[in-house]
file my_file11.cif (mmCIF, C-alpha atoms)
data_work
#
loop_
_atom_site.group_PDB
_atom_site.id
_atom_site.type_symbol
_atom_site.label_atom_id
_atom_site.label_comp_id
_atom_site.auth_asym_id
_atom_site.auth_seq_id
_atom_site.Cartn_x
_atom_site.Cartn_y
_atom_site.Cartn_z
ATOM 1 C CA MET A 190 -26.405 -58.665 -33.357
ATOM 2 C CA GLY A 191 -27.711 -62.144 -32.817
ATOM 3 C CA ALA A 192 -31.109 -63.229 -31.671
ATOM 4 C CA ILE A 193 -32.685 -66.263 -30.068
ATOM 5 C CA VAL A 194 -36.178 -67.468 -30.826
ATOM 6 C CA VAL A 195 -38.308 -69.045 -28.100
ATOM 7 C CA ASP A 196 -41.560 -70.694 -29.190
ATOM 8 C CA VAL A 197 -44.213 -71.497 -26.578
ATOM 9 C CA MET A 198 -47.432 -73.438 -27.182
ATOM 10 C CA LEU A 199 -50.358 -74.313 -24.940
ATOM 11 C CA LYS A 200 -50.226 -77.960 -23.939
ATOM 12 C CA PRO A 201 -52.377 -80.069 -26.248
ATOM 13 C CA GLU A 202 -54.893 -80.876 -23.510
ATOM 14 C CA ILE A 203 -55.475 -77.198 -22.637
ATOM 15 C CA LEU A 204 -58.393 -75.509 -24.356
ATOM 16 C CA ASP A 205 -57.318 -72.738 -26.751
ATOM 17 C CA PRO A 206 -60.271 -70.360 -27.200
ATOM 18 C CA GLN A 207 -58.240 -67.985 -29.391
ATOM 19 C CA GLY A 208 -57.234 -70.791 -31.715
ATOM 20 C CA GLN A 209 -60.870 -71.908 -31.878
ATOM 21 C CA ALA A 210 -61.975 -68.412 -32.883
ATOM 22 C CA VAL A 211 -59.388 -68.314 -35.664
ATOM 23 C CA ASN A 212 -60.368 -71.803 -36.774
ATOM 24 C CA ARG A 213 -64.009 -70.785 -37.126
ATOM 25 C CA SER A 214 -63.118 -67.709 -39.179
ATOM 26 C CA LEU A 215 -61.020 -69.542 -41.748
ATOM 27 C CA PRO A 216 -63.841 -71.237 -43.713
ATOM 28 C CA ARG A 217 -65.772 -67.981 -43.855
ATOM 29 C CA LEU A 218 -62.846 -66.556 -45.839
ATOM 30 C CA GLY A 219 -62.673 -69.588 -48.071
ATOM 31 C CA PHE A 220 -59.734 -71.288 -46.357
ATOM 32 C CA GLU A 221 -61.034 -74.836 -46.258
ATOM 33 C CA GLY A 222 -59.405 -78.033 -45.103
ATOM 34 C CA PHE A 223 -57.939 -76.959 -41.773
ATOM 35 C CA THR A 224 -59.417 -79.077 -38.994
ATOM 36 C CA ASP A 225 -57.896 -77.249 -36.014
ATOM 37 C CA VAL A 226 -55.895 -74.142 -35.106
ATOM 38 C CA ARG A 227 -53.665 -73.736 -32.068
ATOM 39 C CA GLN A 228 -52.196 -70.326 -31.325
ATOM 40 C CA GLY A 229 -48.808 -69.942 -29.646
ATOM 41 C CA LYS A 230 -46.286 -67.291 -28.703
ATOM 42 C CA ARG A 231 -42.917 -66.443 -30.221
ATOM 43 C CA PHE A 232 -40.312 -64.451 -28.281
ATOM 44 C CA VAL A 233 -37.225 -63.031 -29.985
ATOM 45 C CA LEU A 234 -34.399 -62.290 -27.532
ATOM 46 C CA THR A 235 -31.691 -60.060 -28.998
ATOM 47 C CA VAL A 236 -28.091 -60.257 -27.778
ATOM 48 C CA GLU A 237 -24.865 -58.338 -28.388
ATOM 49 C CA GLY A 238 -22.702 -60.095 -30.949
ATOM 50 C CA GLU A 239 -23.090 -63.702 -31.963
ATOM 51 C CA VAL A 240 -25.365 -66.101 -30.106
ATOM 52 C CA THR A 241 -23.279 -68.252 -27.781
ATOM 53 C CA ASP A 242 -24.076 -71.477 -25.950
ATOM 54 C CA GLU A 243 -24.272 -69.400 -22.774
ATOM 55 C CA HIS A 244 -26.888 -67.146 -24.348
ATOM 56 C CA LEU A 245 -28.874 -70.212 -25.365
ATOM 57 C CA ALA A 246 -28.640 -71.674 -21.871
ATOM 58 C CA HIS A 247 -29.894 -68.412 -20.390
ATOM 59 C CA ALA A 248 -32.703 -68.284 -22.925
ATOM 60 C CA ARG A 249 -33.775 -71.831 -22.044
ATOM 61 C CA SER A 250 -33.787 -70.911 -18.383
ATOM 62 C CA ALA A 251 -35.831 -67.754 -19.049
ATOM 63 C CA ALA A 252 -38.218 -69.768 -21.203
ATOM 64 C CA GLU A 253 -38.899 -72.191 -18.351
ATOM 65 C CA THR A 254 -39.107 -69.512 -15.657
ATOM 66 C CA LEU A 255 -40.907 -66.526 -17.112
ATOM 67 C CA LEU A 256 -41.782 -66.964 -20.783
ATOM 68 C CA SER A 257 -43.881 -70.079 -20.212
ATOM 69 C CA ASN A 258 -46.052 -71.481 -17.449
ATOM 70 C CA PRO A 259 -45.230 -75.206 -17.259
ATOM 71 C CA VAL A 260 -48.694 -75.924 -15.869
ATOM 72 C CA ILE A 261 -50.372 -75.041 -19.160
ATOM 73 C CA GLU A 262 -47.620 -74.452 -21.716
ATOM 74 C CA ASP A 263 -44.692 -76.225 -23.382
ATOM 75 C CA VAL A 264 -41.502 -74.577 -24.604
ATOM 76 C CA VAL A 265 -41.367 -76.189 -28.052
ATOM 77 C CA ALA A 266 -38.209 -74.527 -29.399
ATOM 78 C CA VAL A 267 -35.246 -72.417 -28.309
ATOM 79 C CA HIS A 268 -32.780 -71.694 -31.096
ATOM 80 C CA ALA A 269 -30.597 -69.010 -32.630
ATOM 81 C CA LEU A 270 -32.367 -66.961 -35.268
ATOM 82 C CA GLU A 271 -30.803 -67.236 -38.709
ATOM 83 C CA SER A 272 -29.316 -63.798 -39.373
ATOM 84 C CA ALA A 273 -31.873 -61.695 -41.190
ATOM 85 C CA GLN A 274 -30.519 -59.470 -43.938
ATOM 86 C CA MET B 187 -73.845 -45.673 3.124
ATOM 87 C CA THR B 188 -73.343 -47.890 6.100
ATOM 88 C CA ALA B 189 -70.896 -46.545 8.615
ATOM 89 C CA LEU B 190 -67.877 -48.745 8.814
ATOM 90 C CA PRO B 191 -66.071 -49.246 12.075
ATOM 91 C CA SER B 192 -63.959 -46.163 12.695
ATOM 92 C CA SER B 193 -61.353 -48.045 14.626
ATOM 93 C CA THR B 194 -60.296 -51.603 14.267
ATOM 94 C CA VAL B 195 -61.895 -53.897 16.774
ATOM 95 C CA SER B 196 -59.505 -56.736 16.280
ATOM 96 C CA GLY B 197 -56.135 -54.988 16.284
ATOM 97 C CA MET B 198 -55.299 -57.134 13.280
ATOM 98 C CA LYS B 199 -53.572 -55.749 10.214
ATOM 99 C CA VAL B 200 -54.309 -57.088 6.752
ATOM 100 C CA GLY B 201 -52.041 -56.004 3.905
ATOM 101 C CA VAL B 202 -53.417 -55.339 0.430
ATOM 102 C CA VAL B 203 -50.836 -55.329 -2.359
ATOM 103 C CA THR B 204 -51.008 -52.831 -5.214
ATOM 104 C CA PHE B 205 -49.337 -53.852 -8.465
ATOM 105 C CA PRO B 206 -49.211 -51.606 -11.539
ATOM 106 C CA GLY B 207 -52.674 -52.240 -13.011
ATOM 107 C CA SER B 208 -54.394 -53.423 -9.819
ATOM 108 C CA LEU B 209 -58.003 -52.239 -9.722
ATOM 109 C CA ASP B 210 -59.736 -53.514 -6.631
ATOM 110 C CA GLU B 211 -57.326 -52.745 -3.822
ATOM 111 C CA ARG B 212 -59.513 -49.954 -2.445
ATOM 112 C CA ASP B 213 -62.548 -52.223 -2.202
ATOM 113 C CA ALA B 214 -60.381 -54.920 -0.628
ATOM 114 C CA GLN B 215 -59.119 -52.412 1.934
ATOM 115 C CA ARG B 216 -62.685 -51.331 2.606
ATOM 116 C CA ALA B 217 -63.737 -54.947 3.120
ATOM 117 C CA VAL B 218 -60.894 -55.447 5.585
ATOM 118 C CA ARG B 219 -62.051 -52.393 7.538
ATOM 119 C CA ALA B 220 -65.677 -53.534 7.421
ATOM 120 C CA ALA B 221 -64.636 -56.837 8.929
ATOM 121 C CA GLY B 222 -62.919 -55.020 11.785
ATOM 122 C CA ALA B 223 -59.233 -54.988 10.886
ATOM 123 C CA GLU B 224 -56.806 -52.314 9.790
ATOM 124 C CA PRO B 225 -55.966 -52.423 6.073
ATOM 125 C CA VAL B 226 -52.318 -51.772 5.241
ATOM 126 C CA ALA B 227 -51.380 -50.733 1.718
ATOM 127 C CA LEU B 228 -48.453 -52.808 0.448
ATOM 128 C CA TRP B 229 -46.504 -51.822 -2.650
ATOM 129 C CA HIS B 230 -45.325 -54.251 -5.314
ATOM 130 C CA GLY B 231 -41.841 -52.748 -5.413
ATOM 131 C CA ASP B 232 -41.316 -52.909 -1.649
ATOM 132 C CA ALA B 233 -39.988 -56.271 -0.451
ATOM 133 C CA ASP B 234 -41.497 -55.800 3.003
ATOM 134 C CA LEU B 235 -44.784 -57.038 4.465
ATOM 135 C CA HIS B 236 -44.651 -54.410 7.246
ATOM 136 C CA GLY B 237 -45.669 -56.862 9.948
ATOM 137 C CA VAL B 238 -49.176 -57.589 8.655
ATOM 138 C CA ASP B 239 -51.113 -60.599 9.932
ATOM 139 C CA ALA B 240 -52.513 -61.567 6.524
ATOM 140 C CA VAL B 241 -52.273 -60.429 2.899
ATOM 141 C CA ILE B 242 -54.748 -59.933 0.071
ATOM 142 C CA LEU B 243 -53.733 -59.840 -3.580
ATOM 143 C CA PRO B 244 -56.535 -57.860 -5.227
ATOM 144 C CA GLY B 245 -58.218 -58.017 -8.609
ATOM 145 C CA GLY B 246 -57.245 -56.047 -11.659
ATOM 146 C CA PHE B 247 -54.903 -56.332 -14.591
ATOM 147 C CA SER B 248 -51.378 -56.288 -13.177
ATOM 148 C CA TYR B 249 -48.861 -55.325 -15.859
ATOM 149 C CA GLY B 250 -51.716 -55.141 -18.363
ATOM 150 C CA ASP B 251 -52.096 -58.933 -18.262
ATOM 151 C CA TYR B 252 -49.053 -58.966 -20.570
ATOM 152 C CA LEU B 253 -47.368 -62.338 -21.204
ATOM 153 C CA ARG B 254 -49.899 -64.228 -19.025
ATOM 154 C CA CYS B 255 -52.210 -62.912 -16.321
ATOM 155 C CA GLY B 256 -50.167 -62.584 -13.140
ATOM 156 C CA ALA B 257 -46.950 -63.800 -14.757
ATOM 157 C CA ILE B 258 -44.971 -60.581 -14.326
ATOM 158 C CA ALA B 259 -46.496 -59.626 -10.960
ATOM 159 C CA ARG B 260 -45.293 -62.964 -9.651
ATOM 160 C CA PHE B 261 -41.699 -61.672 -9.854
ATOM 161 C CA ALA B 262 -42.380 -58.339 -8.101
ATOM 162 C CA PRO B 263 -40.130 -57.651 -5.077
ATOM 163 C CA VAL B 264 -43.049 -57.963 -2.633
ATOM 164 C CA MET B 265 -43.568 -61.527 -3.841
ATOM 165 C CA ASP B 266 -40.006 -62.422 -2.827
ATOM 166 C CA VAL B 267 -41.101 -62.027 0.798
ATOM 167 C CA LEU B 268 -44.745 -63.035 0.387
ATOM 168 C CA VAL B 269 -44.101 -66.463 -1.139
ATOM 169 C CA PRO B 270 -41.963 -67.783 1.758
ATOM 170 C CA ALA B 271 -44.330 -66.176 4.281
ATOM 171 C CA ALA B 272 -47.289 -67.948 2.671
ATOM 172 C CA GLN B 273 -45.360 -71.210 2.675
ATOM 173 C CA GLY B 274 -44.776 -70.592 6.375
ATOM 174 C CA GLY B 275 -48.499 -70.263 7.093
ATOM 175 C CA LEU B 276 -49.318 -66.555 6.597
ATOM 176 C CA PRO B 277 -52.959 -66.299 5.453
ATOM 177 C CA VAL B 278 -53.062 -65.062 1.847
ATOM 178 C CA LEU B 279 -56.180 -64.471 -0.263
ATOM 179 C CA GLY B 280 -55.870 -63.891 -4.009
ATOM 180 C CA ILE B 281 -58.952 -62.526 -5.710
ATOM 181 C CA CYS B 282 -59.324 -62.700 -9.507
ATOM 182 C CA ASN B 283 -55.967 -61.352 -10.748
ATOM 183 C CA GLY B 284 -54.600 -62.175 -7.296
ATOM 184 C CA PHE B 285 -55.678 -65.812 -7.843
ATOM 185 C CA GLN B 286 -53.793 -65.745 -11.141
ATOM 186 C CA VAL B 287 -50.693 -64.395 -9.356
ATOM 187 C CA LEU B 288 -50.918 -67.190 -6.741
ATOM 188 C CA CYS B 289 -51.114 -69.819 -9.487
ATOM 189 C CA GLU B 290 -48.183 -68.296 -11.381
ATOM 190 C CA SER B 291 -46.257 -68.285 -8.082
ATOM 191 C CA HIS B 292 -47.008 -72.007 -7.659
ATOM 192 C CA LEU B 293 -48.508 -71.312 -4.244
ATOM 193 C CA LEU B 294 -51.670 -72.827 -5.724
ATOM 194 C CA PRO B 295 -51.917 -75.533 -8.391
ATOM 195 C CA GLY B 296 -53.411 -75.054 -11.827
ATOM 196 C CA ALA B 297 -53.781 -71.952 -13.955
ATOM 197 C CA LEU B 298 -56.412 -69.519 -15.203
ATOM 198 C CA ILE B 299 -56.962 -69.224 -18.946
ATOM 199 C CA ARG B 300 -59.255 -67.260 -21.257
ATOM 200 C CA ASN B 301 -62.966 -67.903 -20.751
ATOM 201 C CA ASP B 302 -64.098 -70.740 -23.019
ATOM 202 C CA HIS B 303 -66.720 -68.476 -24.647
ATOM 203 C CA ARG B 304 -64.032 -65.805 -25.229
ATOM 204 C CA LYS B 305 -66.145 -62.963 -23.821
ATOM 205 C CA PHE B 306 -65.616 -60.948 -20.670
ATOM 206 C CA VAL B 307 -68.237 -61.947 -18.098
ATOM 207 C CA CYS B 308 -69.628 -59.576 -15.479
ATOM 208 C CA ARG B 309 -72.566 -60.732 -13.390
ATOM 209 C CA ASP B 310 -73.807 -61.633 -9.938
ATOM 210 C CA GLN B 311 -72.698 -65.202 -9.406
ATOM 211 C CA GLY B 312 -73.957 -67.929 -7.132
ATOM 212 C CA LEU B 313 -71.275 -69.964 -5.386
ATOM 213 C CA ARG B 314 -71.271 -72.923 -3.054
ATOM 214 C CA ILE B 315 -68.678 -72.847 -0.268
ATOM 215 C CA GLU B 316 -67.231 -76.348 -0.507
ATOM 216 C CA ASN B 317 -64.541 -75.985 2.141
ATOM 217 C CA ALA B 318 -65.449 -73.946 5.226
ATOM 218 C CA SER B 319 -62.285 -74.776 7.134
ATOM 219 C CA THR B 320 -59.724 -72.582 5.351
ATOM 220 C CA ALA B 321 -58.315 -69.433 6.939
ATOM 221 C CA TRP B 322 -60.601 -67.393 4.671
ATOM 222 C CA THR B 323 -63.856 -69.382 4.791
ATOM 223 C CA SER B 324 -64.273 -70.560 8.385
ATOM 224 C CA ASP B 325 -67.155 -68.149 9.057
ATOM 225 C CA TYR B 326 -69.271 -69.884 6.403
ATOM 226 C CA GLU B 327 -71.186 -73.118 6.780
ATOM 227 C CA PRO B 328 -70.025 -76.050 4.636
ATOM 228 C CA GLY B 329 -72.219 -76.085 1.549
ATOM 229 C CA GLN B 330 -73.440 -72.518 2.142
ATOM 230 C CA GLU B 331 -74.622 -70.788 -1.024
ATOM 231 C CA ILE B 332 -73.635 -67.162 -1.549
ATOM 232 C CA VAL B 333 -73.954 -64.555 -4.326
ATOM 233 C CA VAL B 334 -71.075 -62.186 -5.154
ATOM 234 C CA PRO B 335 -69.975 -60.346 -8.322
ATOM 235 C CA LEU B 336 -67.931 -62.184 -10.930
ATOM 236 C CA LYS B 337 -65.987 -60.228 -13.557
ATOM 237 C CA ASN B 338 -63.257 -61.785 -15.639
ATOM 238 C CA GLY B 339 -61.931 -62.404 -19.113
ATOM 239 C CA GLU B 340 -59.466 -65.099 -18.145
ATOM 240 C CA GLY B 341 -61.200 -66.961 -15.339
ATOM 241 C CA GLY B 342 -61.193 -70.493 -16.679
ATOM 242 C CA TYR B 343 -59.572 -72.671 -14.018
ATOM 243 C CA VAL B 344 -57.563 -75.503 -15.553
ATOM 244 C CA ALA B 345 -55.304 -78.237 -14.209
ATOM 245 C CA ASP B 346 -54.471 -81.767 -15.252
ATOM 246 C CA VAL B 347 -56.808 -84.578 -14.232
ATOM 247 C CA HIS B 348 -54.443 -85.863 -11.549
ATOM 248 C CA THR B 349 -54.313 -82.421 -9.900
ATOM 249 C CA LEU B 350 -58.091 -81.982 -10.128
ATOM 250 C CA ASP B 351 -58.664 -85.390 -8.535
ATOM 251 C CA GLU B 352 -56.175 -84.552 -5.807
ATOM 252 C CA LEU B 353 -57.890 -81.214 -5.098
ATOM 253 C CA GLU B 354 -61.278 -82.918 -4.894
ATOM 254 C CA GLY B 355 -59.963 -85.800 -2.806
ATOM 255 C CA GLN B 356 -58.315 -83.498 -0.290
ATOM 256 C CA GLY B 357 -61.269 -81.119 -0.088
ATOM 257 C CA ARG B 358 -59.214 -78.286 -1.516
ATOM 258 C CA VAL B 359 -61.915 -76.940 -3.813
ATOM 259 C CA VAL B 360 -62.976 -73.918 -1.761
ATOM 260 C CA ALA B 361 -65.887 -72.690 -3.875
ATOM 261 C CA ARG B 362 -67.766 -73.909 -6.925
ATOM 262 C CA TYR B 363 -69.984 -72.056 -9.393
ATOM 263 C CA LEU B 364 -73.725 -72.650 -9.117
ATOM 264 C CA GLY B 365 -75.801 -72.879 -12.286
ATOM 265 C CA ASP B 366 -74.210 -72.405 -15.699
ATOM 266 C CA ASN B 367 -70.435 -72.502 -15.699
ATOM 267 C CA PRO B 368 -69.559 -68.837 -16.363
ATOM 268 C CA ASN B 369 -66.064 -69.276 -17.805
ATOM 269 C CA GLY B 370 -65.354 -72.908 -18.610
ATOM 270 C CA SER B 371 -63.552 -73.643 -15.348
ATOM 271 C CA TYR B 372 -62.853 -77.358 -15.044
ATOM 272 C CA ARG B 373 -65.355 -78.996 -12.669
ATOM 273 C CA GLY B 374 -66.927 -75.590 -12.025
ATOM 274 C CA ILE B 375 -64.098 -74.611 -9.711
ATOM 275 C CA ALA B 376 -64.235 -70.983 -8.538
ATOM 276 C CA GLY B 377 -61.572 -71.193 -5.834
ATOM 277 C CA VAL B 378 -58.949 -73.538 -4.403
ATOM 278 C CA THR B 379 -56.639 -73.699 -1.403
ATOM 279 C CA ASN B 380 -53.220 -75.108 -0.566
ATOM 280 C CA PRO B 381 -52.900 -78.241 1.627
ATOM 281 C CA ARG B 382 -52.472 -76.111 4.744
ATOM 282 C CA GLY B 383 -55.591 -74.020 4.040
ATOM 283 C CA ASN B 384 -53.902 -70.660 4.599
ATOM 284 C CA VAL B 385 -53.607 -69.693 0.913
ATOM 285 C CA VAL B 386 -56.878 -69.290 -0.987
ATOM 286 C CA GLY B 387 -57.443 -68.202 -4.579
ATOM 287 C CA LEU B 388 -60.886 -67.116 -5.714
ATOM 288 C CA MET B 389 -62.001 -65.870 -9.124
ATOM 289 C CA PRO B 390 -65.226 -64.056 -8.015
ATOM 290 C CA HIS B 391 -65.110 -60.866 -5.944
ATOM 291 C CA PRO B 392 -66.312 -61.066 -2.328
ATOM 292 C CA GLU B 393 -64.885 -57.584 -1.647
ATOM 293 C CA HIS B 394 -67.634 -56.097 -3.830
ATOM 294 C CA ALA B 395 -70.381 -57.622 -1.678
ATOM 295 C CA ILE B 396 -69.825 -56.399 1.874
ATOM 296 C CA GLU B 397 -72.206 -53.457 2.343
ATOM 297 C CA PRO B 398 -76.004 -53.232 2.035
ATOM 298 C CA GLY B 399 -76.962 -51.275 -1.094
ATOM 299 C CA TYR B 400 -73.724 -52.046 -2.910
ATOM 300 C CA GLY B 401 -73.558 -55.291 -4.803
ATOM 301 C CA PRO B 402 -75.967 -58.221 -4.782
ATOM 302 C CA SER B 403 -75.543 -59.157 -1.114
ATOM 303 C CA VAL B 404 -73.248 -58.848 1.860
ATOM 304 C CA ASP B 405 -72.255 -62.481 1.465
ATOM 305 C CA GLY B 406 -68.649 -61.573 0.682
ATOM 306 C CA LEU B 407 -67.868 -60.254 4.138
ATOM 307 C CA GLY B 408 -67.343 -63.768 5.467
ATOM 308 C CA PHE B 409 -64.001 -64.119 3.684
ATOM 309 C CA PHE B 410 -62.637 -61.076 5.501
ATOM 310 C CA SER B 411 -64.159 -61.902 8.885
ATOM 311 C CA SER B 412 -63.000 -65.531 8.669
ATOM 312 C CA VAL B 413 -59.340 -64.626 8.631
ATOM 313 C CA LEU B 414 -59.802 -62.416 11.692
ATOM 314 C CA THR B 415 -61.557 -65.246 13.483
ATOM 315 C CA ARG B 416 -58.681 -67.507 12.595
ATOM 316 C CA LEU B 417 -56.050 -65.014 13.702
ATOM 317 C CA ALA B 418 -57.909 -64.282 16.948
ATOM 318 C CA GLN B 419 -57.938 -67.988 17.737
ATOM 319 C CA GLY B 420 -54.193 -67.944 17.278
ATOM 320 C CA VAL B 421 -54.487 -71.074 15.230
ATOM 321 C CA SER B 422 -51.275 -71.864 13.476
ATOM 322 C CA THR B 423 -52.594 -73.028 10.121
#
call {"tool": "encode", "arguments": {"input": "my_file11.cif", "output": "structure tokens"}}
result
Amino acid sequence: MGAIVVDVMLKPEILDPQGQAVNRSLPRLGFEGFTDVRQGKRFVLTVEGEVTDEHLAHARSAAETLLSNPVIEDVVAVHALESAQ
Amino acid sequence: MTALPSSTVSGMKVGVVTFPGSLDERDAQRAVRAAGAEPVALWHGDADLHGVDAVILPGGFSYGDYLRCGAIARFAPVMDVLVPAAQGGLPVLGICNGFQVLCESHLLPGALIRNDHRKFVCRDQGLRIENASTAWTSDYEPGQEIVVPLKNGEGGYVADVHTLDELEGQGRVVARYLGDNPNGSYRGIAGVTNPRGNVVGLMPHPEHAIEPGYGPSVDGLGFFSSVLTRLAQGVST
């Protein structure tokens, strides 16, 4: 079975309150040196057999239609997942 | 409890859609009846508007707010018929989650994101009616200040600067928050409309402020009476 990864991030100009909350917690745990955190979403779409170009085209279409809202989000990556052992 | 009209005075029918996870459809139906119309329950899985004269998308958490608020509801069968009807001039009011569904459907510009302070907010909220010429606000005076409940976790209205300027320039900001911004909405925007003025999205809840003794006021009734006024005038929006 193959799988396709779709990564979606909020557009840079859109406020990310979740990322801000994570960012504020990091120094409290001793993780210094990170100036900002942005939180995104990863979707893994599983297919029968190997990932084909058609699968990828469908995944890109799904990413633009349902998985992201183009008003506030960017689809930053759509690619076949390296086969996990 | 105030007696609501037992029969509809207007003969108008206003549909209220229930999605899985909708919460406020009963109050929306009650508000429709209080305004003098017949509420008609519409079902998300039924691609039929059953001849209603207007539609309300109620508040709640359709599909558990999974993916993005309103993102999955936007593809429900009822939306397949509602979107073209709205584009054709059918009055549609989206409240809270319904506003989110309208934005996801691209019937309204912008989007609603998590409150900037990250906490759920529930309070009586002052609003200023900025546009009293939409299908849902014509019974208010321009600039009228009202108080209705506000309750949301993801009520921050966002859009790019060009869109915000366009909304302001065309008078399409329907309502604005008074006092402290409760959720980080850009420019304090609580509601917007489409260019035609028949589709309105509103984050606060007018349907919870229509009867004396329940809620902070009866200021919310104007949204539901406005659309009946508009329909009675036979104005093609």
call {"tool": "atom_distance", "arguments": {"input": "my_file11.cif", "atom1": "CA of Thr254 (chain A)", "atom2": "CA of Phe261 (chain B)"}}
result
10.1 Å
call {"tool": "resolve_selection", "arguments": {"input": "my_file11.cif", "expression": "the PyMOL selection byres ((chain B) within 7 of (chain A))", "output": "PyMOL selection string"}}
result
chain B and resi 296-297+300+302+304
call {"tool": "closest_residue", "arguments": {"input": "my_file11.cif", "among": "A:Glu221, A:Glu271, A:Glu253, A:Asp263", "to": "Val240 (chain A)", "atoms": "only C-alpha atoms"}}
result
A:Glu271
call {"tool": "residues_around", "arguments": {"input": "my_file11.cif", "residues": "region 330-334 of chain B", "least_positions_apart": "6", "cutoff": "9 Å", "atoms": "all atoms listed in the file", "output": "list in words"}}
result
Arg309, Asp310, Gln311, Gly312, Leu313, Arg314, Ile315, Glu316, Ala318, Leu364, Pro390, His391, Pro392, Glu393, His394, Ala395, Gly401, Pro402, Ser403, Val404, Asp405 and Gly406 of chain B
call {"tool": "resolve_selection", "arguments": {"input": "my_file11.cif", "expression": "the PyMOL selection byres ((chain A and resi 265) around 10)", "output": "short mmCIF file (atom, residue, chain, number, x, y, z; two decimals) with C-alpha atoms, in the frame of the given file"}}
result
data_model
loop_
_atom_site.label_atom_id
_atom_site.label_comp_id
_atom_site.auth_asym_id
_atom_site.auth_seq_id
_atom_site.Cartn_x
_atom_site.Cartn_y
_atom_site.Cartn_z
CA VAL A 195 -38.31 -69.04 -28.10
CA ASP A 196 -41.56 -70.69 -29.19
CA VAL A 197 -44.21 -71.50 -26.58
CA MET A 198 -47.43 -73.44 -27.18
CA LEU A 199 -50.36 -74.31 -24.94
CA LYS A 200 -50.23 -77.96 -23.94
CA GLY A 229 -48.81 -69.94 -29.65
CA ALA A 252 -38.22 -69.77 -21.20
CA GLU A 262 -47.62 -74.45 -21.72
CA ASP A 263 -44.69 -76.22 -23.38
CA VAL A 264 -41.50 -74.58 -24.60
CA ALA A 266 -38.21 -74.53 -29.40
CA VAL A 267 -35.25 -72.42 -28.31
#
call {"tool": "atom_distance", "arguments": {"input": "my_file11.cif", "atom1": "CA of Met190 (chain A)", "atom2": "CA of Glu243 (chain A)"}}
result
15.2 Å
call {"tool": "residues_around", "arguments": {"input": "my_file11.cif", "residues": "Ser291 (chain B)", "least_positions_apart": "3", "cutoff": "8 Å", "atoms": "only C-alpha atoms", "output": "PyMOL selection string"}}
result
chain B and resi 260+269+287-288+294
call {"tool": "write_last_selection", "arguments": {"input": "my_file11.cif", "atoms": "C-alpha atoms", "output": "CSV table (one decimal), in the frame of the given file"}}
result
chain,number,residue,atom,x,y,z
B,260,ARG,CA,-45.3,-63.0,-9.7
B,269,VAL,CA,-44.1,-66.5,-1.1
B,287,VAL,CA,-50.7,-64.4,-9.4
B,288,LEU,CA,-50.9,-67.2,-6.7
B,294,LEU,CA,-51.7,-72.8,-5.7
